[in-house]
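Have a look at protein.cif below; it lists mmCIF, C-alpha atoms and all ligand atoms.
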data_model
#
loop_
_atom_site.label_atom_id
_atom_site.label_comp_id
_atom_site.auth_asym_id
_atom_site.auth_seq_id
_atom_site.Cartn_x
_atom_site.Cartn_y
_atom_site.Cartn_z
CA MET A 121 18.24 -5.14 -5.38
CA PRO A 122 17.47 -6.40 -8.91
CA SER A 123 18.17 -3.86 -11.62
CA PHE A 124 15.81 -5.41 -14.16
CA VAL A 125 12.03 -5.43 -14.07
CA PRO A 126 10.30 -7.01 -17.06
CA ASN A 127 7.62 -5.13 -18.95
CA ALA A 128 4.32 -5.23 -17.11
CA ARG A 129 1.60 -7.24 -18.85
CA PRO A 130 -1.95 -7.98 -17.72
CA THR A 131 -2.25 -11.54 -16.37
CA ASN A 132 -6.06 -11.55 -16.54
CA ILE A 133 -6.08 -12.44 -12.86
CA ALA A 134 -6.89 -9.02 -11.51
CA THR A 135 -7.74 -9.63 -7.88
CA TYR A 136 -8.05 -8.04 -4.45
CA SER A 137 -5.26 -7.31 -2.05
CA PRO A 138 -4.83 -10.18 0.45
CA ILE A 139 -4.32 -7.54 3.14
CA LYS A 140 -7.09 -5.65 4.90
CA TYR A 141 -5.71 -2.14 4.87
CA ALA A 142 -7.12 0.89 6.65
CA GLY A 143 -6.00 3.75 4.41
CA GLY A 144 -5.90 1.40 1.42
CA LYS A 145 -7.15 2.50 -1.94
CA ARG A 146 -10.28 0.42 -2.42
CA GLN A 147 -12.67 3.41 -2.35
CA LEU A 148 -10.56 5.28 -4.90
CA LEU A 149 -9.86 2.33 -7.14
CA ALA A 150 -12.22 3.28 -9.99
CA GLN A 151 -10.71 6.79 -10.18
CA LEU A 152 -7.15 5.42 -9.97
CA LEU A 153 -7.81 2.94 -12.77
CA ALA A 154 -9.35 5.70 -14.90
CA SER A 155 -6.26 7.85 -14.25
CA ARG A 156 -3.58 5.37 -15.33
CA PRO A 157 -1.65 6.18 -18.51
CA PRO A 158 -2.99 4.45 -21.67
CA THR A 159 0.16 2.32 -22.04
CA TRP A 160 3.42 1.88 -20.16
CA HIS A 161 6.46 -0.37 -19.97
CA ARG A 162 7.11 -1.38 -16.37
CA TYR A 163 5.06 -0.77 -13.21
CA PHE A 164 6.48 0.36 -9.86
CA GLU A 165 4.58 0.73 -6.58
CA PRO A 166 7.20 2.02 -4.10
CA PHE A 167 4.74 2.61 -1.20
CA ALA A 168 3.04 -0.75 -1.66
CA GLY A 169 1.03 -1.06 1.59
CA GLY A 170 -1.94 -3.23 0.63
CA ALA A 171 -0.99 -2.68 -3.06
CA THR A 172 -4.66 -2.31 -4.03
CA LEU A 173 -3.93 -0.85 -7.46
CA PHE A 174 -1.29 -3.46 -8.30
CA PHE A 175 -3.66 -6.35 -7.55
CA ALA A 176 -6.53 -4.67 -9.40
CA LEU A 177 -4.33 -4.22 -12.46
CA GLY A 178 -3.38 -7.90 -12.22
CA LEU A 179 0.01 -7.26 -13.79
CA SER A 180 2.81 -9.68 -14.27
CA GLY A 181 6.25 -8.13 -14.19
CA ALA A 182 6.10 -5.33 -11.66
CA TYR A 183 8.16 -3.97 -8.79
CA LEU A 184 6.53 -3.74 -5.36
CA SER A 185 8.41 -2.20 -2.46
CA ASP A 186 7.79 -0.72 0.97
CA THR A 187 9.88 0.05 4.04
CA SER A 188 7.75 -2.32 6.16
CA ALA A 189 9.56 -5.62 6.71
CA GLU A 190 6.27 -7.22 7.77
CA LEU A 191 4.41 -6.35 4.56
CA ILE A 192 7.28 -7.32 2.31
CA ASN A 193 7.68 -10.66 4.05
CA VAL A 194 3.95 -11.37 3.58
CA TYR A 195 4.12 -10.74 -0.16
CA GLN A 196 7.28 -12.82 -0.52
CA VAL A 197 5.77 -15.74 1.39
CA ILE A 198 2.50 -15.55 -0.61
CA ARG A 199 4.62 -15.65 -3.78
CA ASP A 200 7.07 -18.38 -2.72
CA ASN A 201 5.41 -20.55 -0.03
CA ILE A 202 1.67 -20.44 -0.54
CA ASP A 203 0.76 -24.03 0.47
CA ILE A 204 2.66 -23.93 3.76
CA LEU A 205 1.25 -20.48 4.52
CA ILE A 206 -2.36 -21.60 3.97
CA ALA A 207 -1.77 -24.67 6.17
CA ASP A 208 -0.25 -22.50 8.91
CA LEU A 209 -3.14 -20.01 8.80
CA GLY A 210 -5.50 -22.89 9.53
CA ARG A 211 -3.95 -23.24 13.02
CA HIS A 212 -5.28 -19.90 14.24
CA CYS A 213 -8.51 -19.28 16.13
CA ASN A 214 -10.57 -16.15 16.68
CA ARG A 215 -10.28 -15.88 20.47
CA GLU A 216 -9.24 -12.77 22.37
CA ASP A 217 -6.66 -14.45 24.65
CA TYR A 218 -5.15 -16.26 21.64
CA TYR A 219 -5.02 -12.96 19.70
CA TYR A 220 -2.98 -11.26 22.44
CA THR A 221 -0.64 -14.27 22.73
CA ILE A 222 0.10 -14.11 18.99
CA ARG A 223 0.36 -10.32 19.07
CA ALA A 224 2.99 -10.55 21.83
CA LEU A 225 5.31 -12.70 19.68
CA ASP A 226 8.37 -10.94 18.33
CA PRO A 227 8.05 -11.34 14.52
CA GLU A 228 11.83 -11.31 14.13
CA THR A 229 12.11 -14.58 16.07
CA LEU A 230 9.72 -16.38 13.67
CA SER A 231 10.35 -18.14 10.36
CA PRO A 232 9.18 -16.17 7.27
CA VAL A 233 6.05 -18.37 6.98
CA GLU A 234 5.19 -18.08 10.70
CA ARG A 235 5.78 -14.35 10.50
CA ALA A 236 3.47 -13.95 7.48
CA SER A 237 0.86 -16.18 9.12
CA ARG A 238 0.99 -14.08 12.33
CA PHE A 239 0.66 -10.88 10.31
CA LEU A 240 -2.34 -12.08 8.27
CA PHE A 241 -4.06 -13.51 11.37
CA LEU A 242 -3.67 -10.21 13.27
CA ASN A 243 -4.67 -8.27 10.16
CA LYS A 244 -7.97 -10.17 9.80
CA THR A 245 -8.86 -10.20 13.51
CA CYS A 246 -7.62 -6.82 14.81
CA TRP A 247 -9.76 -3.71 15.10
CA ALA A 248 -10.57 -2.17 11.67
CA GLY A 249 -7.60 -3.76 9.87
CA LEU A 250 -5.31 -1.11 11.33
CA LEU A 251 -1.55 -1.57 10.85
CA ARG A 252 -0.50 0.66 13.74
CA VAL A 253 2.75 0.15 15.62
CA ASN A 254 4.12 1.82 18.76
CA ARG A 255 7.39 3.74 19.03
CA GLN A 256 9.27 0.48 19.43
CA GLY A 257 7.77 -0.74 16.16
CA ARG A 258 5.55 -3.34 17.91
CA PHE A 259 2.02 -3.93 16.54
CA ASN A 260 -0.41 -2.46 19.13
CA VAL A 261 -3.94 -2.68 17.67
CA PRO A 262 -6.60 -4.25 19.96
CA PHE A 263 -8.67 -7.35 19.22
CA GLY A 264 -11.47 -6.64 16.70
CA HIS A 265 -14.26 -8.86 18.14
CA TYR A 266 -15.44 -9.92 14.67
CA GLU A 267 -17.80 -12.90 14.58
CA HIS A 268 -16.50 -14.56 11.42
CA PRO A 269 -13.20 -13.06 10.25
CA ASN A 270 -11.92 -14.59 7.03
CA ILE A 271 -8.59 -15.78 8.46
CA VAL A 272 -7.87 -18.39 5.77
CA ASN A 273 -8.96 -16.84 2.49
CA ALA A 274 -7.37 -19.62 0.42
CA ASP A 275 -8.87 -18.55 -2.94
CA GLY A 276 -7.86 -14.94 -2.48
CA LEU A 277 -4.35 -15.92 -1.36
CA ARG A 278 -3.92 -18.25 -4.34
CA ALA A 279 -5.03 -15.53 -6.77
CA ALA A 280 -2.52 -13.13 -5.17
CA HIS A 281 0.12 -15.90 -5.41
CA ARG A 282 -0.45 -16.20 -9.17
CA VAL A 283 -0.22 -12.44 -9.75
CA LEU A 284 2.96 -12.20 -7.67
CA GLN A 285 4.83 -14.93 -9.57
CA THR A 286 6.79 -12.50 -11.75
CA THR A 287 6.86 -9.59 -9.31
CA GLU A 288 10.03 -8.23 -7.76
CA ILE A 289 9.33 -7.57 -4.08
CA ALA A 290 11.78 -5.57 -2.00
CA GLN A 291 12.00 -3.93 1.39
CA ALA A 292 13.29 -0.52 0.37
CA ASP A 293 12.91 3.19 0.85
CA TYR A 294 11.20 4.79 -2.16
CA GLN A 295 14.33 6.87 -2.76
CA ALA A 296 16.32 3.73 -3.53
CA VAL A 297 13.68 2.51 -6.00
CA LEU A 298 12.73 5.56 -8.06
CA PRO A 299 16.12 5.84 -9.82
CA MET A 300 15.35 2.46 -11.46
CA ALA A 301 12.36 3.87 -13.36
CA GLN A 302 13.00 4.52 -17.05
CA PRO A 303 11.11 6.56 -19.69
CA GLU A 304 7.52 5.30 -20.15
CA ASP A 305 7.54 3.30 -16.92
CA PHE A 306 4.48 3.86 -14.71
CA VAL A 307 5.15 4.71 -11.04
CA TYR A 308 2.30 4.95 -8.55
CA CYS A 309 3.24 6.71 -5.29
CA ASP A 310 0.81 6.43 -2.38
CA PRO A 311 2.83 7.73 0.59
CA PRO A 312 1.44 8.10 4.13
CA TYR A 313 -0.70 11.21 3.73
CA VAL A 314 -0.03 14.68 5.00
CA ALA A 315 -1.93 14.65 8.34
CA LEU A 316 -5.44 16.06 7.94
CA SER A 317 -6.16 16.63 11.61
CA GLY A 318 -5.39 15.19 15.02
CA SER A 319 -8.06 12.50 14.53
CA ALA A 320 -6.89 11.24 11.13
CA ARG A 321 -3.30 10.23 11.70
CA PHE A 322 -2.51 8.49 8.43
CA THR A 323 1.19 9.20 9.07
CA GLU A 324 1.47 6.45 11.67
CA TYR A 325 1.98 3.47 9.36
CA THR A 326 5.56 2.96 10.42
CA ALA A 327 7.41 3.80 13.61
CA GLY A 328 9.41 6.37 11.64
CA GLY A 329 6.43 8.15 10.03
CA PHE A 330 6.64 10.35 6.94
CA ASP A 331 6.94 14.03 7.74
CA TRP A 332 6.61 17.22 5.71
CA ALA A 333 10.30 17.19 4.68
CA ASP A 334 9.70 13.68 3.26
CA HIS A 335 6.76 15.00 1.21
CA VAL A 336 8.91 17.83 -0.17
CA GLN A 337 11.61 15.31 -1.11
CA LEU A 338 9.09 12.98 -2.75
CA ALA A 339 7.64 15.84 -4.83
CA ALA A 340 11.15 16.70 -6.05
CA ALA A 341 11.68 13.06 -7.03
CA VAL A 342 8.34 13.05 -8.90
CA TYR A 343 9.38 16.08 -10.99
CA THR A 344 12.69 14.32 -11.75
CA LEU A 345 10.82 11.24 -13.00
CA ALA A 346 8.48 13.42 -15.08
CA ARG A 347 11.47 15.07 -16.78
CA ARG A 348 12.85 11.58 -17.47
CA GLY A 349 9.64 10.70 -19.32
CA CYS A 350 8.11 8.39 -16.68
CA TYR A 351 4.37 8.41 -16.00
CA VAL A 352 3.88 9.15 -12.31
CA MET A 353 0.64 9.12 -10.33
CA VAL A 354 0.58 10.31 -6.70
CA SER A 355 -2.21 10.21 -4.10
CA ASN A 356 -2.37 12.56 -1.16
CA ALA A 357 -4.76 14.60 0.95
CA ASP A 358 -6.41 17.52 -0.83
CA VAL A 359 -4.94 20.30 1.28
CA PRO A 360 -3.48 23.62 0.02
CA ALA A 361 0.10 22.67 0.91
CA VAL A 362 -0.04 19.55 -1.29
CA ARG A 363 -1.51 21.56 -4.19
CA VAL A 364 1.45 23.96 -3.93
CA LEU A 365 3.93 21.07 -3.73
CA TYR A 366 2.77 19.61 -7.06
CA ARG A 367 2.18 22.91 -8.91
CA GLY A 368 2.26 22.48 -12.70
CA LEU A 369 1.09 18.83 -12.65
CA TRP A 370 -2.46 17.56 -13.34
CA SER A 371 -4.86 16.82 -10.50
CA GLN A 372 -8.31 15.58 -9.68
CA SER A 373 -9.99 16.14 -6.34
CA VAL A 374 -11.96 13.06 -5.32
CA SER A 375 -13.88 12.16 -2.19
CA ALA A 376 -12.91 9.12 -0.16
CA ARG A 377 -14.88 7.81 2.77
CA ARG A 378 -12.57 6.74 5.57
CA SER A 379 -13.94 4.37 8.18
CA ILE A 380 -10.81 4.42 10.33
CA ASN A 381 -12.19 6.51 13.20
CA SER A 382 -14.08 4.76 16.01
CA ASP A 383 -16.32 7.84 16.28
CA ALA A 384 -18.82 7.49 13.39
CA THR A 385 -19.42 11.26 13.31
CA LYS A 386 -15.77 11.77 12.39
CA ARG A 387 -15.83 9.35 9.44
CA ALA A 388 -16.13 12.28 7.07
CA GLY A 389 -15.63 11.92 3.34
CA ALA A 390 -12.32 13.79 3.22
CA ARG A 391 -11.14 14.90 -0.20
CA GLU A 392 -8.05 13.44 -1.76
CA LEU A 393 -5.95 14.44 -4.75
CA ILE A 394 -4.92 12.17 -7.61
CA ILE A 395 -1.92 13.93 -9.12
CA THR A 396 -0.46 12.88 -12.46
CA THR A 397 2.54 13.98 -14.49
CA TYR A 398 0.48 13.37 -17.67
CA PRO A 399 -2.94 14.75 -18.69
CA VAL A 400 -6.02 12.79 -17.68
CA SER A 401 -9.58 13.48 -18.83
CA GLY A 402 -11.26 15.79 -16.29
CA ALA A 403 -8.01 16.71 -14.53
CA GLU A 404 -6.87 20.31 -14.13
CA ARG A 405 -3.42 21.83 -13.85
CA LEU A 406 -2.36 22.79 -10.35
CA ARG A 407 -1.46 26.52 -10.37
C1 LIG B 501 -0.80 4.93 2.24
S1 LIG B 501 0.09 3.43 2.55
C2 LIG B 501 -0.07 2.70 0.97
C3 LIG B 501 -1.45 2.13 0.77
C4 LIG B 501 -1.59 1.30 -0.50
N1 LIG B 501 -1.55 2.09 -1.69
C5 LIG B 501 -2.86 0.46 -0.49
O1 LIG B 501 -3.60 0.45 -1.46
O2 LIG B 501 -3.07 -0.26 0.48
C6 LIG B 501 1.75 3.98 2.66
C7 LIG B 501 2.85 2.91 2.73
O3 LIG B 501 4.11 3.57 2.61
C8 LIG B 501 5.07 2.87 3.39
N2 LIG B 501 6.21 3.80 3.62
C9 LIG B 501 6.35 4.77 4.57
N3 LIG B 501 7.50 5.44 4.39
C10 LIG B 501 8.10 4.91 3.29
C11 LIG B 501 9.31 5.20 2.58
N4 LIG B 501 10.14 6.15 2.98
N5 LIG B 501 9.61 4.45 1.48
C12 LIG B 501 8.78 3.44 1.08
N6 LIG B 501 7.62 3.12 1.72
C13 LIG B 501 7.28 3.86 2.80
C14 LIG B 501 4.33 2.44 4.62
O4 LIG B 501 4.96 1.31 5.23
C15 LIG B 501 2.93 2.12 4.04
O5 LIG B 501 2.81 0.76 3.77
#
Would it be possible to restate this file's structure as structure tokens?
Ligand SMILES: C[S@@+](CC[C@H](N)C(=O)[O-])C[C@H]1O[C@@H](n2cnc3c(N)ncnc32)[C@H](O)[C@@H]1O
Amino acid sequence: MPSFVPNARPTNIATYSPIKYAGGKRQLLAQLLASRPPTWHRYFEPFAGGATLFFALGLSGAYLSDTSAELINVYQVIRDNIDILIADLGRHCNREDYYYTIRALDPETLSPVERASRFLFLNKTCWAGLLRVNRQGRFNVPFGHYEHPNIVNADGLRAAHRVLQTTEIAQADYQAVLPMAQPEDFVYCDPPYVALSGSARFTEYTAGGFDWADHVQLAAAVYTLARRGCYVMVSNADVPAVRVLYRGLWSQSVSARRSINSDATKRAGARELIITTYPVSGAERLR
């Protein structure tokens, strides 16, 4: 793992994430941008997922990491092999039988480009952009039946390619990454959320999940970074247990519409917390 991340600078190519991500941060983006620190040195996103905030910031010189081998491979291929990836994406077609044939492939038997191409194809054509896997870690989301999915978004992929040029991208647990953050670095943590209810299982991103003990450990790591002088921002569900976990830090309760449930009546605008280790206009201290 590289020990050096250059200072993050705007590239002026702020863009959208190339990944369609249920549970991504698009609805909260304006509030997240308004809650960033005024200045910082380096930027870390250790629960990258669709990395919505990173792409919106359009930074050069940042550190993106996630435990998902699939996601990390996609970002590395977009950074290092964009032309071959775009050509490979052009081979796919939006047919149900083809979808299930591609879904059945074992990603570990594919080349990095084929693996990224399979991931992006499934991501654009599966139901609701879900990234769900079964206990064996195999992608198990059904076909989405979209009329015109944007399978080869060449412009979007090329913009992401430019932003990623100076980005360190690593498959890593957040606990291995946070010790690299130094005073005045900005760290945005968007872990799988504390489960809200049986119907909103945002903890199923990876086969391993992220349980309550993980949330307790993450909160401890956030306080450690705060004492070191890092700027940390965390997103999570606005539930009493999370408010207790981050007592003493600043928070804003914001509403986020989730469209992940197939039952429209359950697509409630659940509230989420944006927690920061530094004061933000309109934020209040958690007590
Ligand atoms: C809520 S998603 C992040 C969404 C992202 N902010 C976005 O805008 O799309 C959480 C991510 O954390 C990753 N993850 C789960 N456990 C992890 C761990 N222990 N360390 C690092 N990443 C982890 C998952 O693979 C998933 O991609």
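Taking all atoms listed in the file into account, ligand LIG 501 (chain B) has within 7 Å the residues A:Tyr141, A:Gly143, A:Gly144, A:Lys145, A:Arg146, A:Pro166, A:Phe167, A:Ala168, A:Gly169, A:Gly170, A:Ala171, A:Thr172, A:Leu173, A:Ser185, A:Asp186, A:Thr187, A:Ser188, A:Ala292, A:Asp293, A:Tyr294, A:Gln295, A:Asp310, A:Pro311, A:Pro312, A:Tyr313, A:Tyr325, A:Thr326, A:Gly329, A:Phe330.
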Write out, as JSON lines, each residue of region 132-223 of chain A that has an atom at most 12 Å from region 240-264 of chain A, together with the closest pair of atoms and their distance in Å to one decimal, counting all atoms listed in the file, rows going by chain and rising number.
{"residue": "A:Ser137", "atom": "CA", "partner": "A:Leu240", "partner_atom": "CA", "distance": 11.7}
{"residue": "A:Pro138", "atom": "CA", "partner": "A:Leu240", "partner_atom": "CA", "distance": 8.4}
{"residue": "A:Ile139", "atom": "CA", "partner": "A:Asn243", "partner_atom": "CA", "distance": 7.1}
{"residue": "A:Lys140", "atom": "CA", "partner": "A:Gly249", "partner_atom": "CA", "distance": 5.3}
{"residue": "A:Tyr141", "atom": "CA", "partner": "A:Gly249", "partner_atom": "CA", "distance": 5.6}
{"residue": "A:Ala142", "atom": "CA", "partner": "A:Leu250", "partner_atom": "CA", "distance": 5.4}
{"residue": "A:Gly143", "atom": "CA", "partner": "A:Leu250", "partner_atom": "CA", "distance": 8.5}
{"residue": "A:Gly144", "atom": "CA", "partner": "A:Gly249", "partner_atom": "CA", "distance": 10.0}
{"residue": "A:Gly169", "atom": "CA", "partner": "A:Leu251", "partner_atom": "CA", "distance": 9.6}
{"residue": "A:Gly170", "atom": "CA", "partner": "A:Leu251", "partner_atom": "CA", "distance": 10.4}
{"residue": "A:Ser188", "atom": "CA", "partner": "A:Gly257", "partner_atom": "CA", "distance": 10.1}
{"residue": "A:Ala189", "atom": "CA", "partner": "A:Gly257", "partner_atom": "CA", "distance": 10.8}
{"residue": "A:Glu190", "atom": "CA", "partner": "A:Leu240", "partner_atom": "CA", "distance": 9.9}
{"residue": "A:Leu191", "atom": "CA", "partner": "A:Leu240", "partner_atom": "CA", "distance": 9.6}
{"residue": "A:Asn193", "atom": "CA", "partner": "A:Leu240", "partner_atom": "CA", "distance": 11.0}
{"residue": "A:Val194", "atom": "CA", "partner": "A:Leu240", "partner_atom": "CA", "distance": 7.9}
{"residue": "A:Tyr195", "atom": "CA", "partner": "A:Leu240", "partner_atom": "CA", "distance": 10.7}
{"residue": "A:Val197", "atom": "CA", "partner": "A:Leu240", "partner_atom": "CA", "distance": 11.2}
{"residue": "A:Ile198", "atom": "CA", "partner": "A:Leu240", "partner_atom": "CA", "distance": 10.7}
{"residue": "A:Leu205", "atom": "CA", "partner": "A:Leu240", "partner_atom": "CA", "distance": 9.9}
{"residue": "A:Ile206", "atom": "CA", "partner": "A:Leu240", "partner_atom": "CA", "distance": 10.4}
{"residue": "A:Asp208", "atom": "CA", "partner": "A:Phe241", "partner_atom": "CA", "distance": 10.1}
{"residue": "A:Leu209", "atom": "CA", "partner": "A:Phe241", "partner_atom": "CA", "distance": 7.0}
{"residue": "A:Gly210", "atom": "CA", "partner": "A:Phe241", "partner_atom": "CA", "distance": 9.7}
{"residue": "A:Arg211", "atom": "CA", "partner": "A:Phe241", "partner_atom": "CA", "distance": 9.9}
{"residue": "A:His212", "atom": "CA", "partner": "A:Phe241", "partner_atom": "CA", "distance": 7.1}
{"residue": "A:Cys213", "atom": "CA", "partner": "A:Phe241", "partner_atom": "CA", "distance": 8.7}
{"residue": "A:Asn214", "atom": "CA", "partner": "A:Thr245", "partner_atom": "CA", "distance": 7.0}
{"residue": "A:Arg215", "atom": "CA", "partner": "A:Phe263", "partner_atom": "CA", "distance": 8.8}
{"residue": "A:Glu216", "atom": "CA", "partner": "A:Phe263", "partner_atom": "CA", "distance": 6.3}
{"residue": "A:Asp217", "atom": "CA", "partner": "A:Phe263", "partner_atom": "CA", "distance": 9.2}
{"residue": "A:Tyr218", "atom": "CA", "partner": "A:Phe263", "partner_atom": "CA", "distance": 9.9}
{"residue": "A:Tyr219", "atom": "CA", "partner": "A:Phe263", "partner_atom": "CA", "distance": 6.7}
{"residue": "A:Tyr220", "atom": "CA", "partner": "A:Phe263", "partner_atom": "CA", "distance": 7.6}
{"residue": "A:Thr221", "atom": "CA", "partner": "A:Leu242", "partner_atom": "CA", "distance": 10.7}
{"residue": "A:Ile222", "atom": "CA", "partner": "A:Leu242", "partner_atom": "CA", "distance": 7.9}
{"residue": "A:Arg223", "atom": "CA", "partner": "A:Leu242", "partner_atom": "CA", "distance": 7.1}
Grab the CA of Asp358 (chain A) to CA of Tyr343 (chain A) distance for me, in Å with one decimal place.
-> 18.8 Å
As JSON, what would the box around region 272-288 of chain A look like: edges along x, y and z, 6 Å added on every side, centre and edge lengths in Å to one decimal?
{"center_x": 0.5, "center_y": -13.9, "center_z": -3.0, "size_x": 31.0, "size_y": 23.4, "size_z": 29.5}
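Considering only C-alpha atoms, the residue among A:Val342, A:Glu165, A:Ala176, A:Met300 positioned nearest to Leu148 (chain A) is A:Ala176.
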In Å and to one decimal, CA of Cys350 (chain A) is distant from CA of Cys309 (chain A) by 12.5 Å
